[in-house]
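Peer 1: Input protein-v6.txt, format and content: compact mmCIF, C-alpha atoms and all ligand atoms.
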# COMPACT_ATOMS: atom_id res chain seq x y z
CA MET A 24 -42.45 -36.71 -14.43
CA ASN A 25 -39.68 -38.75 -12.85
CA LEU A 26 -40.28 -42.28 -11.63
CA LEU A 27 -37.94 -44.07 -9.26
CA HIS A 28 -38.29 -47.87 -9.38
CA ILE A 29 -36.72 -49.81 -6.52
CA ASP A 30 -36.56 -53.59 -6.10
CA SER A 31 -35.12 -55.36 -3.09
CA SER A 32 -36.08 -59.03 -3.35
CA PRO A 33 -33.14 -61.41 -3.86
CA LEU A 34 -35.42 -63.97 -5.57
CA GLY A 35 -34.91 -62.71 -9.13
CA GLN A 36 -37.51 -64.01 -11.58
CA HIS A 37 -39.30 -65.92 -8.79
CA SER A 38 -39.95 -62.71 -6.91
CA VAL A 39 -43.56 -61.61 -6.73
CA SER A 40 -42.71 -58.07 -5.67
CA ARG A 41 -40.46 -57.68 -8.73
CA GLN A 42 -43.27 -58.78 -11.05
CA LEU A 43 -45.69 -56.37 -9.39
CA THR A 44 -43.34 -53.34 -9.33
CA ALA A 45 -42.62 -53.93 -13.04
CA ALA A 46 -46.36 -54.08 -13.79
CA LEU A 47 -47.06 -50.91 -11.81
CA ILE A 48 -44.14 -49.02 -13.36
CA SER A 49 -45.16 -49.96 -16.88
CA ARG A 50 -48.74 -48.82 -16.16
CA LEU A 51 -47.48 -45.50 -14.75
CA GLN A 52 -45.27 -45.03 -17.81
CA ARG A 53 -48.19 -45.68 -20.14
CA GLN A 54 -50.30 -43.23 -18.16
CA THR A 55 -47.65 -40.52 -18.36
CA PRO A 56 -45.88 -40.59 -21.73
CA GLY A 57 -42.42 -39.09 -21.53
CA ALA A 58 -41.93 -40.06 -17.88
CA GLU A 59 -38.28 -40.73 -17.04
CA THR A 60 -37.59 -43.86 -14.98
CA VAL A 61 -34.55 -44.52 -12.81
CA TYR A 62 -34.13 -48.11 -11.65
CA ARG A 63 -32.24 -49.22 -8.55
CA ASP A 64 -31.87 -52.93 -7.81
CA LEU A 65 -30.88 -53.23 -4.16
CA SER A 66 -30.25 -56.93 -4.49
CA ALA A 67 -28.12 -56.92 -7.67
CA GLN A 68 -26.19 -53.85 -6.48
CA PRO A 69 -26.52 -53.98 -2.70
CA LEU A 70 -25.68 -50.98 -0.59
CA PRO A 71 -23.41 -51.99 2.28
CA HIS A 72 -24.65 -51.74 5.85
CA TRP A 73 -24.41 -48.10 6.84
CA ALA A 74 -21.15 -47.18 8.58
CA PRO A 75 -19.44 -43.85 9.22
CA PRO A 76 -17.39 -42.83 6.19
CA ALA A 77 -13.71 -43.73 6.39
CA GLY A 78 -11.23 -40.94 5.54
CA THR A 79 -10.53 -42.13 1.98
CA ASP A 80 -13.83 -43.87 1.23
CA THR A 81 -15.20 -41.48 -1.38
CA GLY A 82 -16.95 -44.32 -3.25
CA ALA A 83 -19.36 -44.97 -0.39
CA ALA A 84 -20.08 -41.25 -0.03
CA LEU A 85 -20.85 -40.99 -3.76
CA ASP A 86 -23.28 -43.94 -3.52
CA ASP A 87 -25.01 -42.33 -0.56
CA GLN A 88 -25.34 -39.04 -2.44
CA ALA A 89 -26.67 -40.83 -5.54
CA VAL A 90 -29.40 -42.48 -3.46
CA LEU A 91 -30.45 -39.11 -2.05
CA ASP A 92 -30.31 -37.40 -5.46
CA GLU A 93 -32.55 -40.12 -6.95
CA LEU A 94 -35.09 -39.68 -4.17
CA PHE A 95 -35.18 -35.87 -4.43
CA ALA A 96 -35.49 -36.03 -8.25
CA ALA A 97 -38.43 -38.46 -8.18
CA ASP A 98 -42.09 -37.45 -8.34
CA VAL A 99 -43.29 -41.03 -7.87
CA VAL A 100 -41.37 -43.82 -6.14
CA VAL A 101 -42.31 -47.51 -6.47
CA ILE A 102 -40.68 -49.76 -3.87
CA GLY A 103 -40.78 -53.55 -3.93
CA ALA A 104 -40.85 -54.54 -0.27
CA PRO A 105 -41.23 -58.20 0.73
CA MET A 106 -41.97 -58.98 4.38
CA TYR A 107 -38.96 -60.64 5.96
CA ASN A 108 -39.32 -61.75 9.55
CA PHE A 109 -42.20 -59.31 10.11
CA SER A 110 -40.12 -56.44 8.73
CA ILE A 111 -38.21 -55.67 5.51
CA PRO A 112 -35.19 -57.30 3.82
CA THR A 113 -31.79 -56.03 4.88
CA GLN A 114 -31.18 -54.81 1.30
CA LEU A 115 -34.06 -52.36 1.63
CA LYS A 116 -33.10 -51.36 5.16
CA ALA A 117 -29.66 -50.30 3.87
CA TRP A 118 -31.46 -47.94 1.43
CA ILE A 119 -33.65 -46.55 4.23
CA ASP A 120 -30.49 -45.88 6.23
CA ARG A 121 -29.28 -43.70 3.30
CA ILE A 122 -32.47 -41.69 2.88
CA ALA A 123 -33.14 -40.82 6.53
CA VAL A 124 -30.40 -38.24 6.96
CA ALA A 125 -30.53 -35.45 9.54
CA GLY A 126 -30.09 -32.05 7.91
CA LYS A 127 -31.03 -33.39 4.47
CA THR A 128 -34.30 -35.28 4.62
CA PHE A 129 -35.37 -34.30 8.14
CA ARG A 130 -34.27 -31.92 10.85
CA TYR A 131 -34.82 -31.51 14.54
CA THR A 132 -36.56 -28.32 15.58
CA GLU A 133 -37.64 -26.94 18.98
CA LYS A 134 -41.05 -28.48 18.25
CA GLY A 135 -39.62 -31.88 17.35
CA PRO A 136 -38.48 -33.56 14.14
CA GLU A 137 -39.58 -32.13 10.79
CA GLY A 138 -39.56 -33.96 7.43
CA LEU A 139 -37.94 -32.15 4.50
CA VAL A 140 -39.02 -34.33 1.56
CA HIS A 141 -42.22 -33.04 -0.02
CA GLY A 142 -44.39 -33.44 -3.10
CA LYS A 143 -43.90 -37.16 -3.70
CA THR A 144 -46.14 -40.18 -4.01
CA VAL A 145 -44.70 -43.50 -2.87
CA TYR A 146 -46.17 -46.86 -3.79
CA ILE A 147 -45.10 -49.76 -1.60
CA VAL A 148 -45.52 -53.12 -3.30
CA SER A 149 -45.88 -55.31 -0.23
CA THR A 150 -45.52 -59.10 -0.55
CA ARG A 151 -46.03 -61.53 2.32
CA GLY A 152 -46.06 -65.28 2.71
CA GLY A 153 -48.69 -65.03 5.44
CA ALA A 154 -51.66 -62.72 5.99
CA TYR A 155 -51.50 -59.75 8.34
CA SER A 156 -54.38 -57.47 7.35
CA ALA A 157 -56.34 -58.87 10.27
CA ALA A 158 -53.32 -58.86 12.60
CA PRO A 159 -51.74 -55.41 12.16
CA GLN A 160 -49.89 -55.73 15.47
CA MET A 161 -47.62 -58.30 13.75
CA ASP A 162 -46.82 -55.99 10.84
CA PHE A 163 -43.48 -54.21 11.18
CA GLN A 164 -43.11 -54.00 7.39
CA GLU A 165 -45.84 -51.71 6.03
CA ALA A 166 -46.21 -49.88 9.34
CA TYR A 167 -42.46 -49.32 9.49
CA LEU A 168 -42.23 -48.03 5.91
CA ARG A 169 -45.17 -45.68 6.45
CA GLN A 170 -43.55 -44.41 9.66
CA VAL A 171 -40.06 -43.80 8.28
CA LEU A 172 -41.33 -42.22 5.04
CA GLY A 173 -43.69 -40.00 7.05
CA PHE A 174 -40.79 -39.04 9.29
CA ILE A 175 -38.88 -37.59 6.32
CA GLY A 176 -42.00 -35.77 5.10
CA ILE A 177 -43.60 -38.20 2.64
CA SER A 178 -47.23 -38.56 3.66
CA ASP A 179 -48.67 -39.82 0.34
CA VAL A 180 -47.81 -43.51 0.79
CA ARG A 181 -50.01 -46.03 -1.04
CA PHE A 182 -49.92 -49.82 -0.87
CA VAL A 183 -50.18 -52.56 -3.47
CA ARG A 184 -50.44 -55.70 -1.36
CA ALA A 185 -50.10 -59.41 -2.11
CA GLU A 186 -50.42 -61.35 1.12
CA GLY A 187 -50.93 -65.04 1.85
CA LEU A 188 -48.57 -65.93 -1.01
CA ASN A 189 -47.22 -69.03 0.74
CA MET A 190 -50.53 -70.30 2.15
CA GLY A 191 -51.47 -72.52 -0.80
CA ALA A 192 -52.48 -72.19 -4.44
CA GLU A 193 -55.86 -70.58 -3.84
CA PRO A 194 -54.77 -67.90 -1.37
CA ARG A 195 -51.79 -67.17 -3.64
CA ALA A 196 -54.02 -66.66 -6.68
CA ALA A 197 -56.33 -64.45 -4.61
CA ALA A 198 -53.33 -62.43 -3.38
CA LEU A 199 -52.12 -61.81 -6.92
CA ALA A 200 -55.60 -60.87 -8.12
CA SER A 201 -56.01 -58.46 -5.24
CA ALA A 202 -52.59 -56.86 -5.89
CA ASN A 203 -53.48 -56.42 -9.55
CA GLU A 204 -56.72 -54.73 -8.51
CA ASP A 205 -54.64 -52.38 -6.32
CA ILE A 206 -52.57 -51.57 -9.42
CA ASP A 207 -55.73 -50.94 -11.46
CA ARG A 208 -57.03 -48.60 -8.75
CA ALA A 209 -53.65 -46.87 -8.40
CA THR A 210 -53.49 -46.07 -12.09
CA ALA A 211 -57.19 -45.38 -12.70
CA VAL A 212 -56.80 -41.68 -11.95
CA ALA A 213 -54.04 -39.35 -13.05
CA LEU A 214 -51.49 -38.47 -10.40
CA PRO A 215 -51.97 -35.03 -8.86
CA LEU A 216 -48.99 -33.44 -10.60
CA GLY A 217 -50.32 -29.91 -10.08
CA ASP A 218 -50.07 -30.30 -6.30
CA ARG A 219 -46.69 -31.85 -6.68
CA LYS A 220 -45.27 -28.90 -8.60
CA ALA A 221 -46.60 -26.49 -6.00
CA ALA A 222 -45.04 -28.46 -3.12
C1 LIG A 301 -35.86 -64.71 4.90
C2 LIG A 301 -37.35 -64.68 4.69
C3 LIG A 301 -38.16 -64.25 5.71
C4 LIG A 301 -39.55 -64.21 5.55
N1 LIG A 301 -40.33 -63.76 6.58
C5 LIG A 301 -41.68 -63.70 6.43
C6 LIG A 301 -42.53 -63.22 7.48
O1 LIG A 301 -42.09 -62.83 8.55
N2 LIG A 301 -43.86 -63.19 7.26
C7 LIG A 301 -44.42 -63.58 6.08
O2 LIG A 301 -45.63 -63.52 5.93
N3 LIG A 301 -43.64 -64.02 5.05
C8 LIG A 301 -42.30 -64.09 5.20
N4 LIG A 301 -41.51 -64.53 4.17
C9 LIG A 301 -42.15 -64.87 2.87
C10 LIG A 301 -42.06 -63.70 1.88
O3 LIG A 301 -42.61 -62.52 2.40
C11 LIG A 301 -42.79 -64.05 0.59
O4 LIG A 301 -42.20 -65.22 0.05
C12 LIG A 301 -42.77 -62.94 -0.44
O5 LIG A 301 -43.33 -63.41 -1.64
C13 LIG A 301 -41.37 -62.46 -0.74
O6 LIG A 301 -41.39 -61.46 -1.75
P1 LIG A 301 -40.70 -61.74 -3.15
O7 LIG A 301 -41.50 -62.85 -3.80
O8 LIG A 301 -40.79 -60.47 -3.90
O9 LIG A 301 -39.28 -62.15 -2.88
C14 LIG A 301 -40.12 -64.60 4.31
C15 LIG A 301 -39.29 -65.03 3.27
C16 LIG A 301 -37.91 -65.08 3.45
C17 LIG A 301 -37.05 -65.55 2.32
Any chance you could give the structure as C-alpha cells?
Peer 2:
Amino acid sequence: MNLLHIDSSPLGQHSVSRQLTAALISRLQRQTPGAETVYRDLSAQPLPHWAPPAGTDTGAALDDQAVLDELFAADVVVIGAPMYNFSIPTQLKAWIDRIAVAGKTFRYTEKGPEGLVHGKTVYIVSTRGGAYSAAPQMDFQEAYLRQVLGFIGISDVRFVRAEGLNMGAEPRAAALASANEDIDRATAVALPLGDRKAA
C-alpha cells in the first residue's frame, strides 16, 4: 500500500494539522506493515502559483508531473488542511491547481465532466480556529475539498476534524480529543484494499 502524506500549514511545530496528520499516518503505517509513505510539505517546499509553462521552464513541468505521479501512485492520501479565511491556505490551493488537470484527472464528455482518479481513500485533517459544524454555509474549506476531489473522481473522502481551536482552552482540548477519536475510528477497521485493487 502506498500512503501520500501532505502538510500545508506554515506553522511548523505549532501546527495542529501537522500533529494530527503525523498521528494518523503513523497509525495507518502500524495498521499496514510494509506500507510505503511519500511526504510532501507544501509549506517547506511551496509550489508556485499555477501559471502557463514558459518555453524553457522544464523545472516547473517536472514538479507538476511529480505531484500527479504521487497522487496516482497513492492508495491512501492524508492531507493537512487548516481553514484560512473560510477556505484553504494558498499552499494547498497551489497543489489542488496541479491535480485538477483536464485530460489527466478529469475529462469533459457529452454528458458533462468525468473524474479519472479512482480507487483512493483521502483523509482530510481539518483544523479551524472557530466552529462551523453548525454553520456549514460558512465552510468553504471541507466543502471545497470534497467538491474538487469528487470532481476528479475521488468519492471516498473522510474527515478528521479539530474545530474551535482558538476559542479557549476548553474548546481546544475538546477539539483535539474529538480529532483523536476520528483517528481512532478511521483506523479501527482495515482499509478496503480489495476494492481498491479492483478499481
Ligand atoms: C491566515 C489565517 C486565516 C485563518 N482563517 C480562519 C477562518 O476563516 N476560520 C477559522 O475558524 N479559523 C481561521 N484561522 C485559524 C486556523 O484555522 C487555526 O489556527 C488552525 O489551527 C490552523 O491550522 P494549523 O494549526 O495546522 O496551522 C486562520 C488562521 C490564519 C493564520
Peer 1: To one decimal place, how far is CA of Glu193 (chain A) from CA of Pro159 (chain A) in Å?
Peer 2: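 Straight-line distance from CA of Glu193 (chain A) to CA of Pro159 (chain A) works out to 22.4 Å.
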Peer 1: What is the distance between CA of Leu34 (chain A) and CA of Glu59 (chain A), in Å to one decimal?
Peer 2: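 According to the coordinates, CA of Leu34 (chain A) and CA of Glu59 (chain A) are separated by 26.1 Å.
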Peer 1: Please identify all polymer residues within 12 Å of Gly35 (chain A), counting all atoms listed in the file, omitting same-chain residues fewer than 5 positions from it, and present them as a ChimeraX atom specification.
Peer 2: /A:30,40-42,64-67
Peer 1: Emit the selected residues as an mmCIF file, in the coordinates of the input, including C-alpha atoms.
Peer 2:
data_model
loop_
_atom_site.group_PDB
_atom_site.id
_atom_site.type_symbol
_atom_site.label_atom_id
_atom_site.label_comp_id
_atom_site.auth_asym_id
_atom_site.auth_seq_id
_atom_site.Cartn_x
_atom_site.Cartn_y
_atom_site.Cartn_z
ATOM 1 C CA ASP A 30 -36.560 -53.590 -6.100
ATOM 2 C CA SER A 40 -42.710 -58.070 -5.670
ATOM 3 C CA ARG A 41 -40.460 -57.680 -8.730
ATOM 4 C CA GLN A 42 -43.270 -58.780 -11.050
ATOM 5 C CA ASP A 64 -31.870 -52.930 -7.810
ATOM 6 C CA LEU A 65 -30.880 -53.230 -4.160
ATOM 7 C CA SER A 66 -30.250 -56.930 -4.490
ATOM 8 C CA ALA A 67 -28.120 -56.920 -7.670
#
Peer 1: Please measure the separation of CA of Ala166 (chain A) and atom P1 of ligand LIG 301 (chain A), giving the value in Å to one decimal.
Peer 2: 18.1 Å
Peer 1: Which protein, DNA or RNA residues have an atom within 7 Å of ligand LIG 301 (chain A), counting all atoms listed in the file, as a list in words?
Peer 2: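 Selection of residues at most 7 Å from ligand LIG 301 (chain A): Ser32, Pro33, Leu34, His37, Ser38, Val39, Ser40, Arg41, Gly103, Ala104, Pro105, Met106, Tyr107, Asn108, Phe109, Ser110, Thr150, Arg151, Gly152, Gly153, Ala154, Gly187, Leu188 and Asn189 of chain A.
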Peer 1: Leaving out Leu27 (chain A) and any residue of its chain fewer than 5 positions from it, which residues lie within 12 Å of it when counting all atoms listed in the file, given as JSON, numbers by chain?
Peer 2: {"A": [44, 45, 47, 48, 51, 52, 58, 59, 60, 61, 62, 63, 64, 90, 91, 92, 93, 94, 95, 96, 97, 98, 99, 100, 101, 102, 103, 143, 144, 145, 146, 147]}
Peer 1: Print the selection's residues with C-alpha atoms to a file, as an mmCIF file, keeping the file's coordinate frame.
Peer 2:
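Result written to out35.cif:
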data_model
loop_
_atom_site.group_PDB
_atom_site.id
_atom_site.type_symbol
_atom_site.label_atom_id
_atom_site.label_comp_id
_atom_site.auth_asym_id
_atom_site.auth_seq_id
_atom_site.Cartn_x
_atom_site.Cartn_y
_atom_site.Cartn_z
ATOM 1 C CA THR A 44 -43.340 -53.340 -9.330
ATOM 2 C CA ALA A 45 -42.620 -53.930 -13.040
ATOM 3 C CA LEU A 47 -47.060 -50.910 -11.810
ATOM 4 C CA ILE A 48 -44.140 -49.020 -13.360
ATOM 5 C CA LEU A 51 -47.480 -45.500 -14.750
ATOM 6 C CA GLN A 52 -45.270 -45.030 -17.810
ATOM 7 C CA ALA A 58 -41.930 -40.060 -17.880
ATOM 8 C CA GLU A 59 -38.280 -40.730 -17.040
ATOM 9 C CA THR A 60 -37.590 -43.860 -14.980
ATOM 10 C CA VAL A 61 -34.550 -44.520 -12.810
ATOM 11 C CA TYR A 62 -34.130 -48.110 -11.650
ATOM 12 C CA ARG A 63 -32.240 -49.220 -8.550
ATOM 13 C CA ASP A 64 -31.870 -52.930 -7.810
ATOM 14 C CA VAL A 90 -29.400 -42.480 -3.460
ATOM 15 C CA LEU A 91 -30.450 -39.110 -2.050
ATOM 16 C CA ASP A 92 -30.310 -37.400 -5.460
ATOM 17 C CA GLU A 93 -32.550 -40.120 -6.950
ATOM 18 C CA LEU A 94 -35.090 -39.680 -4.170
ATOM 19 C CA PHE A 95 -35.180 -35.870 -4.430
ATOM 20 C CA ALA A 96 -35.490 -36.030 -8.250
ATOM 21 C CA ALA A 97 -38.430 -38.460 -8.180
ATOM 22 C CA ASP A 98 -42.090 -37.450 -8.340
ATOM 23 C CA VAL A 99 -43.290 -41.030 -7.870
ATOM 24 C CA VAL A 100 -41.370 -43.820 -6.140
ATOM 25 C CA VAL A 101 -42.310 -47.510 -6.470
ATOM 26 C CA ILE A 102 -40.680 -49.760 -3.870
ATOM 27 C CA GLY A 103 -40.780 -53.550 -3.930
ATOM 28 C CA LYS A 143 -43.900 -37.160 -3.700
ATOM 29 C CA THR A 144 -46.140 -40.180 -4.010
ATOM 30 C CA VAL A 145 -44.700 -43.500 -2.870
ATOM 31 C CA TYR A 146 -46.170 -46.860 -3.790
ATOM 32 C CA ILE A 147 -45.100 -49.760 -1.600
#
Peer 1: With only C-alpha atoms as the basis for distance, which of A:Gly82, A:Gly138, A:Pro56, A:Pro112 is at the shortest distance from Val171 (chain A)?
Peer 2: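 Looking only at the distances to Val171 (chain A), the closest residue turns out to be A:Gly138.
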Peer 1: Choose the residue, out of A:Ala83, A:Val183, A:Val212, A:Ala89, that has the smallest atom-to-atom separation from Ala198 (chain A); count all atoms listed in the file.
Peer 2: A:Val183
Peer 1: For a cut-off of 10 Å around (-41.9, -39.9, 4.9), file coordinates, pick out all residues using only C-alpha atoms and list them as a VMD selection string.
Peer 2: chain A and resid 122 to 123 128 to 129 138 to 141 143 to 145 168 to 180
Peer 1: Fewer than 4 positions away in the same chain doesn't count, so skip those; otherwise give me all residues within 9 Å of Asp120 (chain A), counting all atoms listed in the file, as a list in words.
Peer 2: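 Contacts, in chain order: His72, Trp73, Leu115, Lys116 and Val124 of chain A.
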Peer 1: Determine, counting all atoms listed in the file, which protein, DNA and RNA residues have an atom within 10 Å of an atom of Ser201 (chain A); residues of the same chain fewer than 5 positions away are not included. Present the result as an NGL selection string.
Peer 2: :A and (183-186 or 195-196 or 206-207)
Peer 1: Using only C-alpha atoms, what residues lie at most 12 Å away from (-21.3, -51.9, 2.8) (file coordinates), given as a ChimeraX atom specification?
Peer 2: /A:65,68-77,80,82-84,86-87,113-114,117-118,120-121
